[in-house]
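Colleague: Okay, so here is work-v1.cif, and as you'll see once you scroll down, it has mmCIF, C-alpha atoms.
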```cif
data_start
loop_
_atom_site.label_atom_id
_atom_site.label_comp_id
_atom_site.auth_asym_id
_atom_site.auth_seq_id
_atom_site.Cartn_x
_atom_site.Cartn_y
_atom_site.Cartn_z
CA MET R 1 72.46 82.57 99.38
CA ILE R 2 70.80 80.26 101.90
CA ASP R 3 68.44 78.83 99.26
CA LYS R 4 71.42 78.07 97.04
CA LEU R 5 73.30 76.42 99.92
CA GLU R 6 70.28 74.27 100.81
CA ALA R 7 70.03 73.12 97.19
CA ILE R 8 73.75 72.26 97.17
CA LYS R 9 73.38 70.33 100.43
CA GLU R 10 70.49 68.36 98.95
CA ARG R 11 72.49 67.59 95.80
CA PHE R 12 75.48 66.54 97.94
CA GLU R 13 73.29 64.00 99.75
CA GLU R 14 72.10 62.63 96.39
CA VAL R 15 75.68 62.31 95.10
CA SER R 16 76.72 60.66 98.39
CA GLN R 17 74.26 57.87 97.61
CA GLN R 18 75.17 57.62 93.92
CA ILE R 19 78.89 57.28 94.51
CA ILE R 20 78.48 53.97 96.37
CA GLN R 21 76.17 52.36 93.79
CA PRO R 22 77.76 49.30 92.07
CA GLU R 23 76.82 50.51 88.58
CA VAL R 24 78.64 53.79 89.25
CA VAL R 25 81.71 52.19 90.83
CA SER R 26 82.08 49.82 87.86
CA ASP R 27 81.95 52.69 85.32
CA SER R 28 85.32 54.48 85.68
CA THR R 29 84.30 57.55 83.62
CA ARG R 30 81.04 58.06 85.49
CA TYR R 31 82.69 57.34 88.86
CA SER R 32 85.42 59.90 88.17
CA LYS R 33 82.85 62.56 87.25
CA ILE R 34 80.68 61.89 90.32
CA SER R 35 83.73 61.74 92.61
CA LYS R 36 84.78 65.19 91.44
CA GLU R 37 81.27 66.58 92.02
CA TYR R 38 81.19 64.94 95.48
CA LYS R 39 84.52 66.55 96.37
CA ASP R 40 83.55 70.02 95.05
CA LEU R 41 80.14 70.02 96.75
CA GLY R 42 81.65 68.63 99.96
CA LYS R 43 83.89 71.71 100.35
CA ILE R 44 80.83 73.99 100.23
CA VAL R 45 78.65 71.82 102.49
CA GLU R 46 81.42 71.60 105.10
CA GLN R 47 81.57 75.41 105.33
CA TYR R 48 77.76 75.66 105.33
CA VAL R 49 77.52 73.34 108.36
CA ILE R 50 80.02 75.54 110.23
CA TYR R 51 78.06 78.62 109.10
CA GLN R 52 74.79 77.21 110.47
CA LYS R 53 76.42 76.42 113.82
CA LEU R 54 77.83 79.95 114.06
CA GLN R 55 74.40 81.40 113.32
CA LYS R 56 72.89 79.23 116.04
CA ASP R 57 75.60 80.23 118.53
CA ILE R 58 75.09 83.93 117.74
CA ALA R 59 71.30 83.66 118.16
CA GLY R 60 71.77 81.86 121.51
CA THR R 61 74.28 84.44 122.71
CA LYS R 62 72.01 87.36 121.76
CA GLU R 63 69.14 85.73 123.63
CA LEU R 64 71.35 85.29 126.68
CA ILE R 65 72.32 88.99 126.60
CA ALA R 66 68.65 89.99 126.34
CA THR R 67 67.40 87.76 129.18
CA GLU R 68 70.29 87.24 131.61
CA LYS R 69 70.11 89.33 134.78
CA ASP R 70 73.64 88.56 136.01
CA GLU R 71 75.82 91.44 134.75
CA ASP R 72 79.05 89.37 134.68
CA LEU R 73 77.44 86.65 132.55
CA ARG R 74 76.01 89.30 130.22
CA GLU R 75 79.47 90.86 129.80
CA MET R 76 80.97 87.44 129.00
CA ALA R 77 78.21 86.86 126.45
CA LYS R 78 78.90 90.24 124.83
CA GLU R 79 82.61 89.39 124.53
CA GLU R 80 81.69 86.07 122.96
CA LEU R 81 79.36 87.82 120.52
CA ASP R 82 82.15 90.25 119.55
CA ASP R 83 84.24 87.19 118.67
CA LEU R 84 81.50 85.26 116.82
CA VAL R 85 80.16 88.02 114.52
CA PRO R 86 83.47 88.67 112.67
CA LYS R 87 83.91 84.91 112.24
CA LEU R 88 80.46 84.69 110.65
CA GLU R 89 81.20 87.60 108.31
CA GLU R 90 84.54 86.08 107.28
CA LEU R 91 82.94 82.68 106.68
CA GLU R 92 80.16 84.29 104.66
CA GLN R 93 82.77 85.83 102.36
CA THR R 94 84.50 82.46 101.99
CA ILE R 95 81.21 80.78 101.08
CA LYS R 96 80.42 83.50 98.52
CA GLU R 97 83.77 82.77 96.85
CA LEU R 98 83.04 79.04 96.87
CA LEU R 99 79.69 79.71 95.21
CA ILE R 100 81.28 81.53 92.27
CA PRO R 101 80.86 79.17 89.29
CA LYS R 102 84.17 77.45 88.64
CA ASP R 103 85.83 77.52 85.27
CA PRO R 104 85.00 74.02 83.96
CA ASN R 105 88.55 73.77 82.63
CA ASP R 106 90.20 74.36 86.04
CA SER R 107 90.49 70.65 86.81
CA ARG R 108 92.16 69.81 83.48
CA ASN R 109 95.79 68.94 82.86
CA ILE R 110 97.69 71.39 80.69
CA ILE R 111 100.06 71.77 77.77
CA LEU R 112 102.68 74.33 78.85
CA GLU R 113 104.55 76.17 76.09
CA VAL R 114 107.45 78.58 76.78
CA ARG R 115 109.12 80.48 73.91
CA GLY R 116 111.93 82.99 73.75
CA GLY R 117 110.70 86.30 72.34
CA THR R 118 112.43 89.59 71.63
CA GLY R 119 116.01 89.75 72.84
CA GLY R 120 117.90 87.11 70.85
CA ASP R 121 120.04 84.70 72.85
CA GLU R 122 119.10 86.35 76.15
CA ALA R 123 115.41 85.72 75.43
CA ALA R 124 116.11 82.00 74.97
CA ILE R 125 118.12 81.95 78.23
CA PHE R 126 115.25 83.68 80.04
CA ALA R 127 112.77 81.19 78.55
CA GLY R 128 114.94 78.46 80.07
CA ASP R 129 114.88 80.25 83.43
CA LEU R 130 111.09 80.51 83.30
CA PHE R 131 110.71 76.85 82.42
CA ARG R 132 112.99 75.90 85.33
CA MET R 133 110.83 78.10 87.61
CA TYR R 134 107.71 76.23 86.50
CA GLN R 135 109.45 72.86 86.95
CA ARG R 136 110.25 73.78 90.57
CA PHE R 137 106.65 74.90 91.16
CA ILE R 138 105.31 71.70 89.59
CA GLU R 139 107.51 69.67 91.96
CA LYS R 140 106.28 71.67 94.98
CA MET R 141 102.67 71.02 93.93
CA GLY R 142 103.27 67.28 93.57
CA TRP R 143 102.27 67.33 89.89
CA ARG R 144 103.90 65.37 87.05
CA SER R 145 105.49 66.87 83.94
CA SER R 146 106.93 65.44 80.75
CA VAL R 147 108.71 67.34 77.99
CA MET R 148 107.17 66.78 74.56
CA ASP R 149 109.33 68.91 72.28
CA TYR R 150 112.05 71.56 72.54
CA THR R 151 114.53 73.62 70.56
CA GLU R 152 117.59 74.73 72.49
CA GLY R 153 118.97 78.27 72.31
CA THR R 154 122.40 78.94 70.81
CA ASN R 155 123.86 80.03 74.15
CA GLY R 156 121.61 78.06 76.49
CA GLY R 157 117.96 78.03 77.43
CA TYR R 158 115.25 77.29 74.89
CA LYS R 159 113.92 78.94 71.77
CA GLU R 160 110.84 76.83 72.49
CA ILE R 161 109.91 74.09 74.95
CA ILE R 162 106.59 72.27 75.29
CA CYS R 163 105.58 69.95 78.12
CA LYS R 164 102.50 68.28 79.54
CA VAL R 165 101.62 68.80 83.21
CA GLU R 166 99.29 66.43 85.06
CA GLY R 167 97.79 66.76 88.52
CA GLU R 168 94.93 68.22 90.53
CA ASP R 169 93.49 71.56 89.31
CA VAL R 170 96.57 72.25 87.17
CA TYR R 171 94.86 74.61 84.73
CA GLY R 172 93.09 76.41 87.58
CA LYS R 173 96.47 77.28 89.11
CA MET R 174 98.56 77.80 85.97
CA LYS R 175 96.12 79.64 83.66
CA PHE R 176 97.24 83.03 84.99
CA GLU R 177 100.77 82.46 83.60
CA SER R 178 99.74 82.88 79.95
CA GLY R 179 101.20 86.02 78.39
CA VAL R 180 104.47 87.84 77.81
CA HIS R 181 107.04 87.77 80.63
CA ARG R 182 109.66 90.54 80.47
CA VAL R 183 113.12 90.43 82.08
CA GLN R 184 115.47 93.32 82.87
CA ARG R 185 119.03 92.28 83.69
CA VAL R 186 122.64 92.21 82.51
CA PRO R 187 122.72 89.31 80.01
CA GLN R 188 125.35 86.59 80.22
CA THR R 189 126.29 87.61 76.68
CA GLU R 190 126.83 91.30 77.62
CA SER R 191 130.46 92.29 78.20
CA GLN R 192 129.84 95.98 79.06
CA GLY R 193 127.58 95.32 82.04
CA ARG R 194 124.58 97.06 80.51
CA ILE R 195 121.04 96.13 81.52
CA HIS R 196 118.99 94.73 78.65
CA THR R 197 115.27 94.04 78.34
CA SER R 198 114.09 90.85 76.67
CA ALA R 199 110.99 88.72 76.80
CA ALA R 200 109.56 85.22 76.63
CA SER R 201 105.98 84.16 75.99
CA VAL R 202 104.09 81.53 77.97
CA ALA R 203 100.99 79.67 76.80
CA VAL R 204 98.97 77.47 79.18
CA LEU R 205 96.51 75.33 77.25
CA PRO R 206 93.88 73.16 78.95
CA GLU R 207 94.42 69.64 77.68
CA ALA R 208 91.59 68.77 75.32
CA GLU R 209 90.08 65.31 75.15
CA GLU R 210 88.91 63.59 71.98
CA VAL R 211 85.29 64.37 72.87
CA ASP R 212 86.16 68.10 73.01
CA VAL R 213 87.82 68.34 69.60
CA GLN R 214 87.29 65.96 66.72
CA ILE R 215 90.22 66.04 64.30
CA ASN R 216 89.72 64.73 60.78
CA MET R 217 93.02 63.01 59.99
CA ASN R 218 92.43 63.75 56.30
CA ASP R 219 93.09 67.38 57.27
CA VAL R 220 96.44 66.51 58.88
CA ARG R 221 99.75 66.04 57.06
CA VAL R 222 102.10 63.74 58.98
CA ASP R 223 105.87 64.07 58.47
CA THR R 224 108.57 62.06 60.25
CA PHE R 225 112.14 63.13 60.89
CA GLN R 226 115.17 62.20 62.98
CA SER R 227 115.11 63.28 66.61
CA SER R 228 117.62 65.98 67.53
CA GLY R 229 117.31 65.74 71.31
CA ALA R 230 118.71 63.51 74.02
CA GLY R 231 117.64 59.90 73.78
CA GLY R 232 120.56 57.55 73.50
CA GLN R 233 121.80 55.68 70.46
CA SER R 234 118.49 55.90 68.60
CA VAL R 235 118.82 59.67 68.20
CA ASN R 236 119.52 60.72 64.59
CA THR R 237 119.33 57.12 63.42
CA THR R 238 115.57 56.50 63.30
CA TYR R 239 112.71 58.64 62.04
CA SER R 240 110.84 58.56 65.35
CA ALA R 241 110.08 62.31 65.58
CA VAL R 242 106.73 63.43 64.19
CA ARG R 243 105.52 66.72 62.76
CA LEU R 244 101.78 67.30 62.25
CA THR R 245 100.43 70.07 60.03
CA HIS R 246 96.74 70.87 60.45
CA ILE R 247 95.90 72.16 56.98
CA PRO R 248 92.65 74.10 57.75
CA SER R 249 94.20 76.13 60.61
CA GLY R 250 97.86 76.09 59.53
CA LEU R 251 98.90 74.87 63.01
CA VAL R 252 102.14 72.87 63.10
CA VAL R 253 103.05 70.59 66.03
CA SER R 254 106.20 68.50 66.52
CA CYS R 255 107.04 65.87 69.10
CA GLN R 256 110.37 64.05 69.46
CA ASP R 257 110.57 63.14 73.14
CA GLU R 258 109.61 59.47 72.78
CA ARG R 259 111.62 56.80 70.96
CA SER R 260 108.42 55.42 69.46
CA GLN R 261 107.03 57.16 66.38
CA LEU R 262 103.50 56.09 67.37
CA LYS R 263 103.84 57.60 70.87
CA ASN R 264 105.23 60.83 69.41
CA LYS R 265 102.29 60.99 67.01
CA ASP R 266 99.79 60.50 69.86
CA ARG R 267 101.44 63.22 71.96
CA ALA R 268 101.60 65.62 69.01
CA LEU R 269 97.89 65.00 68.40
CA SER R 270 97.25 65.84 72.06
CA VAL R 271 99.02 69.22 71.63
CA LEU R 272 97.23 69.91 68.33
CA ARG R 273 93.87 69.09 69.92
CA SER R 274 94.62 71.43 72.85
CA ARG R 275 95.65 74.29 70.56
CA LEU R 276 92.48 73.93 68.50
CA TYR R 277 90.46 73.78 71.73
CA GLU R 278 92.18 76.95 72.97
CA ILE R 279 91.19 78.81 69.79
CA GLU R 280 87.53 77.92 70.34
CA LEU R 281 87.81 78.64 74.07
CA LYS R 282 89.21 82.12 73.38
CA LYS R 283 86.31 82.87 71.02
CA HIS R 284 83.89 81.76 73.74
CA ASN R 285 85.62 83.77 76.48
CA ASP R 286 85.80 86.88 74.31
CA ALA R 287 82.08 86.62 73.66
CA ILE R 288 81.05 86.33 77.31
CA SER R 289 83.69 88.68 78.74
CA SER R 290 83.33 91.68 76.43
CA GLN R 291 82.46 93.83 79.45
CA ARG R 292 85.47 92.75 81.48
CA LYS R 293 87.96 95.59 81.82
CA SER R 294 90.95 93.84 83.39
CA MET R 295 93.07 91.12 81.85
CA VAL R 296 93.17 88.82 84.87
CA GLY R 297 92.66 85.26 83.71
CA SER R 298 92.23 86.18 80.04
CA GLY R 299 95.25 84.13 79.03
CA ASP R 300 96.03 86.36 76.07
CA ARG R 301 99.63 85.50 75.30
CA SER R 302 100.21 88.84 73.53
CA ASP R 303 99.82 90.81 76.78
CA LYS R 304 102.82 91.82 78.87
CA ILE R 305 101.79 90.39 82.21
CA ARG R 306 104.90 90.43 84.42
CA THR R 307 108.34 92.04 84.68
CA TYR R 308 111.34 90.42 86.39
CA ASN R 309 113.86 93.10 87.36
CA TYR R 310 117.11 91.45 88.52
CA PRO R 311 119.08 94.54 89.68
CA GLN R 312 116.28 95.42 92.14
CA SER R 313 115.23 91.80 92.83
CA ARG R 314 111.74 93.00 91.91
CA ILE R 315 108.80 91.26 90.27
CA THR R 316 105.74 93.23 89.17
CA ASP R 317 102.52 91.70 87.90
CA HIS R 318 101.03 94.41 85.69
CA ARG R 319 97.49 93.01 85.66
CA ILE R 320 96.90 93.70 89.35
CA GLY R 321 99.72 96.16 90.06
CA TYR R 322 101.30 93.77 92.56
CA THR R 323 105.05 94.02 93.32
CA VAL R 324 107.29 91.83 95.47
CA TYR R 325 111.03 91.95 96.13
CA ASN R 326 111.86 88.24 96.35
CA LEU R 327 113.00 87.43 92.81
CA PRO R 328 115.50 84.64 93.74
CA ALA R 329 112.78 82.72 95.63
CA VAL R 330 110.28 83.18 92.79
CA MET R 331 112.77 81.88 90.22
CA GLU R 332 113.11 78.80 92.44
CA GLY R 333 109.41 78.12 92.01
CA ASP R 334 107.84 80.13 94.86
CA ILE R 335 105.07 81.56 92.68
CA ALA R 336 102.12 80.38 94.81
CA GLU R 337 101.66 83.85 96.36
CA LEU R 338 101.53 85.53 92.94
CA ILE R 339 99.00 82.99 91.70
CA GLU R 340 96.85 83.39 94.83
CA LYS R 341 96.76 87.20 94.42
CA LEU R 342 95.61 86.76 90.82
CA ARG R 343 92.99 84.20 91.84
CA ILE R 344 91.60 86.58 94.48
CA ALA R 345 91.50 89.43 91.94
CA GLU R 346 89.67 87.27 89.42
CA ASN R 347 87.15 86.11 92.04
CA ALA R 348 86.47 89.69 93.12
CA GLU R 349 85.96 90.66 89.48
CA ARG R 350 83.59 87.77 88.82
CA MET R 351 81.61 88.54 92.01
CA GLN R 352 81.18 92.14 90.83
CA GLU R 353 80.02 90.91 87.44
CA GLY R 354 77.52 88.62 89.15
CA GLU R 355 76.15 91.48 91.27
CA ALA R 356 75.86 93.70 88.19
CA VAL R 357 73.73 91.16 86.30
#
```
Translate the structure described by the file into structure tokens.
Modeller:
Amino acid sequence: MIDKLEAIKERFEEVSQQIIQPEVVSDSTRYSKISKEYKDLGKIVEQYVIYQKLQKDIAGTKELIATEKDEDLREMAKEELDDLVPKLEELEQTIKELLIPKDPNDSRNIILEVRGGTGGDEAAIFAGDLFRMYQRFIEKMGWRSSVMDYTEGTNGGYKEIICKVEGEDVYGKMKFESGVHRVQRVPQTESQGRIHTSAASVAVLPEAEEVDVQINMNDVRVDTFQSSGAGGQSVNTTYSAVRLTHIPSGLVVSCQDERSQLKNKDRALSVLRSRLYEIELKKHNDAISSQRKSMVGSGDRSDKIRTYNYPQSRITDHRIGYTVYNLPAVMEGDIAELIEKLRIAENAERMQEGEAV
């Protein structure tokens, strides 16, 4: 571990010099890439410096215990050592987690898709509740979101809603939300007071850039239609909404949020690119994770990942067997604790995989 930390420290010093070079500063793409590396390496180096100081303090304290003749001073040194050793062990664990190779997609923005599943009108209402939960979380994180397309449910909520989320490490935080979310509650549409079970699916796609996925526009059919959503007087009067059909894959993407047909086309292309990227990413992840037994971080939207039980105010994440009884707070966007538990579980899993290699 020390050899790896020394190499990181050396690379950090190199990057520290590069980031102030005029040719780097003037190249926005290169500067952005180096800035990110500087920030990521800096977190590790900061902890390594503290680690080295703790090691030095422990060595000095042990020497004092071995050589000091004054019994009171030796007792004080022993108490200090009892305090320093656990700190070193805790910091060592933190550094090990920092050294786990990051998912290169973690820093990307995302395309968030929420769809009502089994359960009819109640499923659409629940999809709306989930989307509202994510909106609250996005606000708490200081990220930005913009709706790209949606289809409202007959009695509220959404049959489908798609939005883009921008910010720092959005995919790294949100990737665990992909999958089937199940709700158990008395629906608004139920007159007998019976508890029903319905579901909604969530897909979190890392936003793909043009360099990631090249789309041949000859393979894309472009259709325009009148917007059906909110948007003022232009709604249903101009053909600003755009539907793209990717013929080789059969993927269909619509966007109607913008008044401009050109902007809607660009945003639809962004979603199409991200969906195609996700298909290739899943193939890649399946290939390298064939030995992985748990589903943490797999992002398979066909898996039932979480149950929201309203009568008991209970939420259970089935991937890690974690249950909390604070459903109202979670539905208001307090999902950071759930995400952190999943992140810890994934890190532990990846550390075990690394040790097994």
Colleague: Interatomic distance between CA of Ala59 (chain R) and CA of Leu81 (chain R)?
Modeller: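 Spanning CA of Ala59 (chain R) to CA of Leu81 (chain R) is a straight-line distance of 9.4 Å.
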Colleague: Please return, as a count of residues only, all polymer residues that have at least one atom within 7 Å of the point (94.1, 69.1, 82.3); use only C-alpha atoms and the file's own coordinate frame.
Modeller: 9
Colleague: Pick the closest to Asp223 (chain R) from R:Tyr48, R:Tyr239, R:Tyr31, R:Phe131: which is it, counting only C-alpha atoms?
Modeller: R:Tyr239
Colleague: Can you tell me which residues surround Arg185 (chain R) at a distance of at most 10 Å, considering only C-alpha atoms, apart from same-chain residues fewer than 3 positions away, and format the answer as a ChimeraX atom specification?
Modeller: /R:122,188,190,193-198,308-313
Colleague: Generate the output file for the selected residues, C-alpha atoms, as a short mmCIF file (atom, residue, chain, number, x, y, z; two decimals), in the coordinates of the input.
Modeller:
```cif
data_model
loop_
_atom_site.label_atom_id
_atom_site.label_comp_id
_atom_site.auth_asym_id
_atom_site.auth_seq_id
_atom_site.Cartn_x
_atom_site.Cartn_y
_atom_site.Cartn_z
CA GLU R 122 119.10 86.35 76.15
CA GLN R 188 125.35 86.59 80.22
CA GLU R 190 126.83 91.30 77.62
CA GLY R 193 127.58 95.32 82.04
CA ARG R 194 124.58 97.06 80.51
CA ILE R 195 121.04 96.13 81.52
CA HIS R 196 118.99 94.73 78.65
CA THR R 197 115.27 94.04 78.34
CA SER R 198 114.09 90.85 76.67
CA TYR R 308 111.34 90.42 86.39
CA ASN R 309 113.86 93.10 87.36
CA TYR R 310 117.11 91.45 88.52
CA PRO R 311 119.08 94.54 89.68
CA GLN R 312 116.28 95.42 92.14
CA SER R 313 115.23 91.80 92.83
#
```
Colleague: In Å to one decimal, how far is CA of His318 (chain R) from CA of Arg306 (chain R)?
Modeller: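 Here the two named atoms are 5.7 Å from each other.
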Colleague: Would you translate the PyMOL selection byres ((chain R and resi 254) around 10) into the concrete set of residues it matches in this file, as a compact mmCIF listing (two decimals) with C-alpha atoms, in the frame of the given file?
Modeller:
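Ended up saving to part-v9.txt:
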```txt
# COMPACT_ATOMS: atom_id res chain seq x y z
CA MET R 148 107.17 66.78 74.56
CA ASP R 149 109.33 68.91 72.28
CA TYR R 150 112.05 71.56 72.54
CA ILE R 162 106.59 72.27 75.29
CA VAL R 222 102.10 63.74 58.98
CA ASP R 223 105.87 64.07 58.47
CA THR R 224 108.57 62.06 60.25
CA PHE R 225 112.14 63.13 60.89
CA ALA R 241 110.08 62.31 65.58
CA VAL R 242 106.73 63.43 64.19
CA ARG R 243 105.52 66.72 62.76
CA LEU R 244 101.78 67.30 62.25
CA THR R 245 100.43 70.07 60.03
CA VAL R 252 102.14 72.87 63.10
CA VAL R 253 103.05 70.59 66.03
CA CYS R 255 107.04 65.87 69.10
CA GLN R 256 110.37 64.05 69.46
CA ASP R 257 110.57 63.14 73.14
CA ASN R 264 105.23 60.83 69.41
CA LYS R 265 102.29 60.99 67.01
CA ARG R 267 101.44 63.22 71.96
CA ALA R 268 101.60 65.62 69.01
CA LEU R 269 97.89 65.00 68.40
CA VAL R 271 99.02 69.22 71.63
CA LEU R 272 97.23 69.91 68.33
```
Colleague: Got a sec: who's within 10 Å of Ile138 (chain R), counting all atoms listed in the file, leaving out chain neighbours fewer than 5 positions off, as a list of chain:residue names?
Modeller: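 Residues meeting the cut-off are R:Arg132, R:Met133, R:Trp143, R:Arg144, R:Ser145, R:Val165, R:Glu166, R:Gly167, R:Val170, R:Met174, R:Gly333.
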Colleague: Find the spatial neighbours of Leu99 (chain R), counting only C-alpha atoms, within a cut-off of 9 Å - ignore same-chain residues fewer than 4 positions away - and output them as a VMD selection string.
Modeller: chain R and resid 1 4 to 5 44 94 to 95
Colleague: Return the single residue from R:Asp27, R:Asp121, R:Asp266, R:Glu332 that is closest to Lys140 (chain R), with distances computed using all atoms listed in the file.
Modeller: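 Checking each candidate against Lys140 (chain R), we get R:Glu332 as the closest.
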Colleague: Which residues, named as in the file, does the PyMOL selection byres ((chain R and resi 329) around 12) pick out? Answer as a list in words.
Modeller: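 In the shown coordinates, the PyMOL selection byres ((chain R and resi 329) around 12) covers Met133, Arg136, Phe137, Ser313, Arg314, Ile315, Val324, Tyr325, Asn326, Leu327, Pro328, Val330, Met331, Glu332, Gly333, Asp334, Ile335, Ala336, Glu337 and Leu338 of chain R.
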Colleague: Tell me which of R:Glu177, R:Glu6, R:Glu280, R:Glu71 sits closest to Leu112 (chain R), counting only C-alpha atoms.
Modeller: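 Using only C-alpha atoms, Leu112 (chain R) sits closest to R:Glu177.
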